[in-house]
file run_38.cif (mmCIF, C-alpha atoms)
data_run
loop_
_atom_site.label_atom_id
_atom_site.label_comp_id
_atom_site.auth_asym_id
_atom_site.auth_seq_id
_atom_site.Cartn_x
_atom_site.Cartn_y
_atom_site.Cartn_z
CA MET A 24 -2.73 -35.37 72.22
CA ALA A 25 -3.28 -35.39 75.75
CA GLU A 26 -2.06 -32.55 77.76
CA LYS A 27 -0.37 -33.30 80.88
CA LYS A 28 -1.26 -31.13 83.75
CA THR A 29 1.36 -30.69 86.36
CA LYS A 30 0.56 -29.36 89.74
CA LYS A 31 2.90 -27.18 91.61
CA PRO A 32 3.30 -28.27 95.16
CA GLU A 33 1.67 -25.82 97.55
CA THR A 34 3.72 -24.79 100.50
CA ASP A 35 2.23 -23.12 103.51
CA ALA A 36 5.62 -22.35 105.08
CA ALA A 37 6.15 -18.78 106.25
CA PRO A 38 9.05 -16.79 104.79
CA VAL A 39 12.29 -17.05 106.77
CA LYS A 40 13.03 -14.00 108.92
CA SER A 41 16.50 -12.58 109.00
CA GLY A 42 17.92 -10.75 112.00
CA GLY A 43 18.57 -13.42 114.54
CA GLY A 44 16.06 -12.29 117.15
CA LEU A 45 17.07 -11.82 120.77
CA ILE A 46 20.09 -14.10 120.61
CA GLY A 47 21.49 -12.22 117.61
CA SER A 48 21.07 -8.85 119.34
CA VAL A 49 22.81 -10.06 122.50
CA LEU A 50 25.61 -11.62 120.50
CA THR A 51 26.10 -8.43 118.44
CA ALA A 52 26.25 -6.29 121.61
CA ALA A 53 28.78 -8.66 123.22
CA VAL A 54 31.05 -8.61 120.16
CA ALA A 55 30.88 -4.81 119.93
CA GLY A 56 31.67 -4.44 123.63
CA ALA A 57 34.61 -6.83 123.40
CA ALA A 58 35.98 -4.97 120.37
CA ALA A 59 35.72 -1.60 122.15
CA PHE A 60 37.43 -2.99 125.25
CA ALA A 61 40.24 -4.52 123.18
CA ALA A 62 40.77 -1.30 121.23
CA ILE A 63 41.12 0.81 124.39
CA TYR A 64 43.15 -1.72 126.36
CA PHE A 65 45.62 -2.81 123.69
CA LEU A 66 46.22 0.39 121.71
CA PRO A 67 49.40 2.24 122.72
CA GLN A 68 49.06 5.22 125.05
CA LYS A 69 50.40 8.66 124.20
CA ASN A 70 52.78 8.75 127.20
CA PRO A 71 52.98 5.22 128.55
CA PRO A 72 53.79 4.94 132.25
CA GLN A 73 57.42 4.15 133.06
CA ALA A 74 58.60 1.51 135.51
CA ASP A 75 59.42 4.20 138.09
CA GLY A 76 55.91 5.66 137.90
CA GLY A 77 56.81 8.63 135.70
CA THR A 78 55.47 9.38 132.24
CA GLY A 79 58.76 9.85 130.45
CA GLU A 80 58.33 13.62 130.03
CA GLU A 81 61.37 14.32 132.22
CA GLU A 82 63.54 12.08 130.06
CA ALA A 83 62.25 13.69 126.88
CA ALA A 84 62.92 17.17 128.29
CA ALA A 85 66.43 16.18 129.36
CA TYR A 86 67.11 14.74 125.94
CA SER A 87 65.98 17.89 124.16
CA GLY A 88 67.78 20.14 126.66
CA GLN A 89 64.59 21.86 127.80
CA THR A 90 63.10 21.87 131.25
CA HIS A 91 59.52 22.80 131.98
CA GLU A 92 59.34 24.34 135.41
CA LEU A 93 56.32 26.32 136.45
CA GLU A 94 57.28 29.68 137.80
CA GLU A 95 54.91 31.14 140.31
CA VAL A 96 54.45 34.82 139.68
CA VAL A 97 53.52 36.76 142.79
CA VAL A 98 52.36 40.31 142.22
CA GLU A 99 51.91 42.62 145.17
CA THR A 100 48.62 44.42 144.75
CA THR A 101 46.92 47.39 146.29
CA PHE A 102 43.45 48.86 146.02
CA VAL A 103 42.92 52.30 144.56
CA ALA A 104 39.50 53.82 145.15
CA LEU A 105 38.03 56.37 142.80
CA SER A 106 36.05 59.13 144.41
CA PRO A 107 32.33 58.24 144.49
CA MET A 108 30.24 59.22 141.49
CA VAL A 109 26.63 60.42 141.49
CA VAL A 110 24.82 60.01 138.19
CA SER A 111 21.29 60.92 137.09
CA VAL A 112 19.61 57.93 135.50
CA GLY A 113 16.26 57.50 133.81
CA ARG A 114 14.19 59.87 131.76
CA ASP A 115 12.56 63.18 132.72
CA ASP A 116 9.42 61.49 134.03
CA GLY A 117 11.21 59.34 136.62
CA LEU A 118 14.61 60.90 137.20
CA ARG A 119 16.63 58.96 139.76
CA HIS A 120 20.18 59.12 141.09
CA LEU A 121 22.83 56.44 141.33
CA LYS A 122 25.73 56.78 143.72
CA ILE A 123 28.46 54.32 142.82
CA GLY A 124 31.86 53.72 144.36
CA LEU A 125 34.56 51.89 142.41
CA SER A 126 37.95 50.48 143.39
CA PHE A 127 40.66 48.94 141.25
CA GLU A 128 42.98 46.17 142.33
CA VAL A 129 46.29 47.00 140.67
CA ALA A 130 49.96 46.18 141.04
CA VAL A 131 51.68 48.41 143.59
CA ASP A 132 53.89 50.06 140.97
CA GLN A 133 50.84 51.05 138.87
CA ALA A 134 48.84 52.77 141.62
CA ALA A 135 50.23 56.24 140.85
CA LEU A 136 49.43 55.90 137.16
CA LEU A 137 45.84 54.96 137.97
CA SER A 138 45.45 58.10 140.08
CA GLU A 139 46.69 60.18 137.15
CA GLN A 140 44.13 58.59 134.82
CA GLU A 141 41.15 59.05 137.18
CA PRO A 142 39.59 62.00 135.27
CA LYS A 143 39.53 59.96 132.04
CA LEU A 144 38.06 56.95 133.86
CA ARG A 145 35.34 59.06 135.48
CA ASP A 146 34.46 60.53 132.09
CA VAL A 147 33.99 57.19 130.33
CA PHE A 148 32.16 55.73 133.35
CA MET A 149 29.79 58.71 133.58
CA SER A 150 29.04 58.54 129.85
CA TYR A 151 28.08 54.88 130.15
CA LEU A 152 26.15 55.16 133.42
CA ARG A 153 24.15 58.12 132.10
CA ALA A 154 22.90 55.94 129.22
CA VAL A 155 21.80 53.02 131.45
CA GLU A 156 18.05 52.63 131.96
CA GLY A 157 16.75 52.94 135.52
CA GLN A 158 14.88 49.61 135.38
CA ASP A 159 18.12 47.81 134.43
CA LEU A 160 19.77 49.07 137.60
CA GLU A 161 17.02 47.51 139.71
CA ASP A 162 17.70 44.03 138.29
CA PRO A 163 20.10 42.07 140.57
CA ALA A 164 21.52 40.20 137.57
CA PHE A 165 22.55 43.49 135.98
CA MET A 166 25.44 43.93 138.44
CA ALA A 167 27.64 41.43 136.57
CA ARG A 168 26.89 43.10 133.23
CA LEU A 169 27.56 46.52 134.75
CA ARG A 170 30.95 45.39 136.06
CA ALA A 171 31.84 43.89 132.67
CA GLN A 172 30.89 47.09 130.84
CA LEU A 173 32.88 49.25 133.25
CA GLU A 174 35.90 46.93 132.95
CA ARG A 175 35.69 47.16 129.16
CA ARG A 176 35.71 50.94 129.32
CA ALA A 177 38.58 50.97 131.81
CA ALA A 178 40.57 48.74 129.45
CA THR A 179 40.19 51.32 126.68
CA VAL A 180 41.63 54.04 128.93
CA LEU A 181 44.27 52.08 130.87
CA GLY A 182 45.14 49.22 128.54
CA GLU A 183 44.19 45.55 128.62
CA SER A 184 46.83 44.36 131.07
CA PHE A 185 46.94 47.33 133.44
CA TYR A 186 44.68 46.36 136.31
CA LEU A 187 43.72 43.08 137.87
CA LYS A 188 40.13 43.65 138.94
CA LEU A 189 37.40 46.28 139.17
CA LEU A 190 35.32 46.23 142.35
CA ILE A 191 31.97 47.92 142.88
CA THR A 192 32.16 49.07 146.49
CA ASP A 193 29.05 51.27 146.73
CA PHE A 194 25.80 51.06 144.80
CA ILE A 195 22.93 53.27 145.99
CA LEU A 196 19.93 53.97 143.78
CA THR A 197 17.63 56.75 145.03
#
call {"tool": "encode", "arguments": {"input": "run_38.cif", "output": "structure tokens"}}
result
Amino acid sequence: MAEKKTKKPETDAAPVKSGGGLIGSVLTAAVAGAAAFAAIYFLPQKNPPQADGGTGEEEAAAYSGQTHELEEVVVETTFVALSPMVVSVGRDDGLRHLKIGLSFEVAVDQAALLSEQEPKLRDVFMSYLRAVEGQDLEDPAFMARLRAQLERRAATVLGESFYLKLLITDFILT
């Protein structure tokens, strides 16, 4: 018996690449951009504009019986200065002195109460300032941290909503 030999045809063709090349990338980007534009443009808005230029909030408030008017609260303020404090800072080897003046911006009706609480304020301020390192006081960026720490201590004595602002009016390091 004779064996029949069959030859497989040889192909030198390169495998087909998938991905589309440059045209596929551009087409994909265009389709994605068009889809994003359509989604933003055609989806309903939360408060669509009305024909008269309003957003419909007035009508909704009138329907529910509520009106949202912003009330401007004007508080008359005054400044109450504490008597200046002189504190020893640093260790025994380089003892220095800090003279600091503080003022509070408070509502006019609270000025008398602040004067009554001055001894307590001076006590908590002195305790904190005595613990501050001398080199910290020389750093210009420390002033904001110092004010924040003094405000925190004032809030413990006076209450969170008592005063409006603490001002450092004098700061002399000798």
call {"tool": "closest_residue", "arguments": {"input": "run_38.cif", "among": "A:Leu50, A:Val155, A:Val180, A:Ala59", "to": "Arg168 of chain A", "atoms": "only C-alpha atoms"}}
result
A:Val155
call {"tool": "resolve_selection", "arguments": {"input": "run_38.cif", "expression": "the PyMOL selection byres ((chain A and resi 133) around 12)", "output": "list in words"}}
result
Val98, Glu99, Thr100, Thr101, Phe102, Val103, Phe127, Glu128, Val129, Ala130, Val131, Asp132, Ala134, Ala135, Leu136, Leu137, Ser138, Glu139, Gln140, Leu181, Gly182, Ser184, Phe185, Tyr186 and Leu187 of chain A
call {"tool": "resolve_selection", "arguments": {"input": "run_38.cif", "expression": "the PyMOL selection byres ((chain A and resi 148) around 12)", "output": "VMD selection string"}}
result
chain A and resid 105 107 to 110 123 to 125 141 to 147 149 to 155 169 to 180
call {"tool": "residues_around", "arguments": {"input": "run_38.cif", "residues": "Val112 of chain A", "least_positions_apart": "6", "cutoff": "10 Å", "atoms": "all atoms listed in the file", "output": "CSV table (one decimal) with C-alpha atoms, in the coordinates of the input"}}
result
chain,number,residue,atom,x,y,z
A,118,LEU,CA,14.6,60.9,137.2
A,119,ARG,CA,16.6,59.0,139.8
A,120,HIS,CA,20.2,59.1,141.1
A,121,LEU,CA,22.8,56.4,141.3
A,152,LEU,CA,26.2,55.2,133.4
A,153,ARG,CA,24.2,58.1,132.1
A,154,ALA,CA,22.9,55.9,129.2
A,155,VAL,CA,21.8,53.0,131.4
A,156,GLU,CA,18.0,52.6,132.0
A,157,GLY,CA,16.8,52.9,135.5
A,158,GLN,CA,14.9,49.6,135.4
A,160,LEU,CA,19.8,49.1,137.6
A,196,LEU,CA,19.9,54.0,143.8
A,197,THR,CA,17.6,56.8,145.0
call {"tool": "atom_distance", "arguments": {"input": "run_38.cif", "atom1": "atom CA of Lys188 of chain A", "atom2": "atom CA of Glu161 of chain A"}}
result
23.4 Å
call {"tool": "atom_distance", "arguments": {"input": "run_38.cif", "atom1": "atom CA of Glu183 of chain A", "atom2": "atom CA of Lys122 of chain A"}}
result
26.4 Å
call {"tool": "atom_distance", "arguments": {"input": "run_38.cif", "atom1": "atom CA of Gly47 of chain A", "atom2": "atom CA of Ala61 of chain A"}}
result
21.0 Å
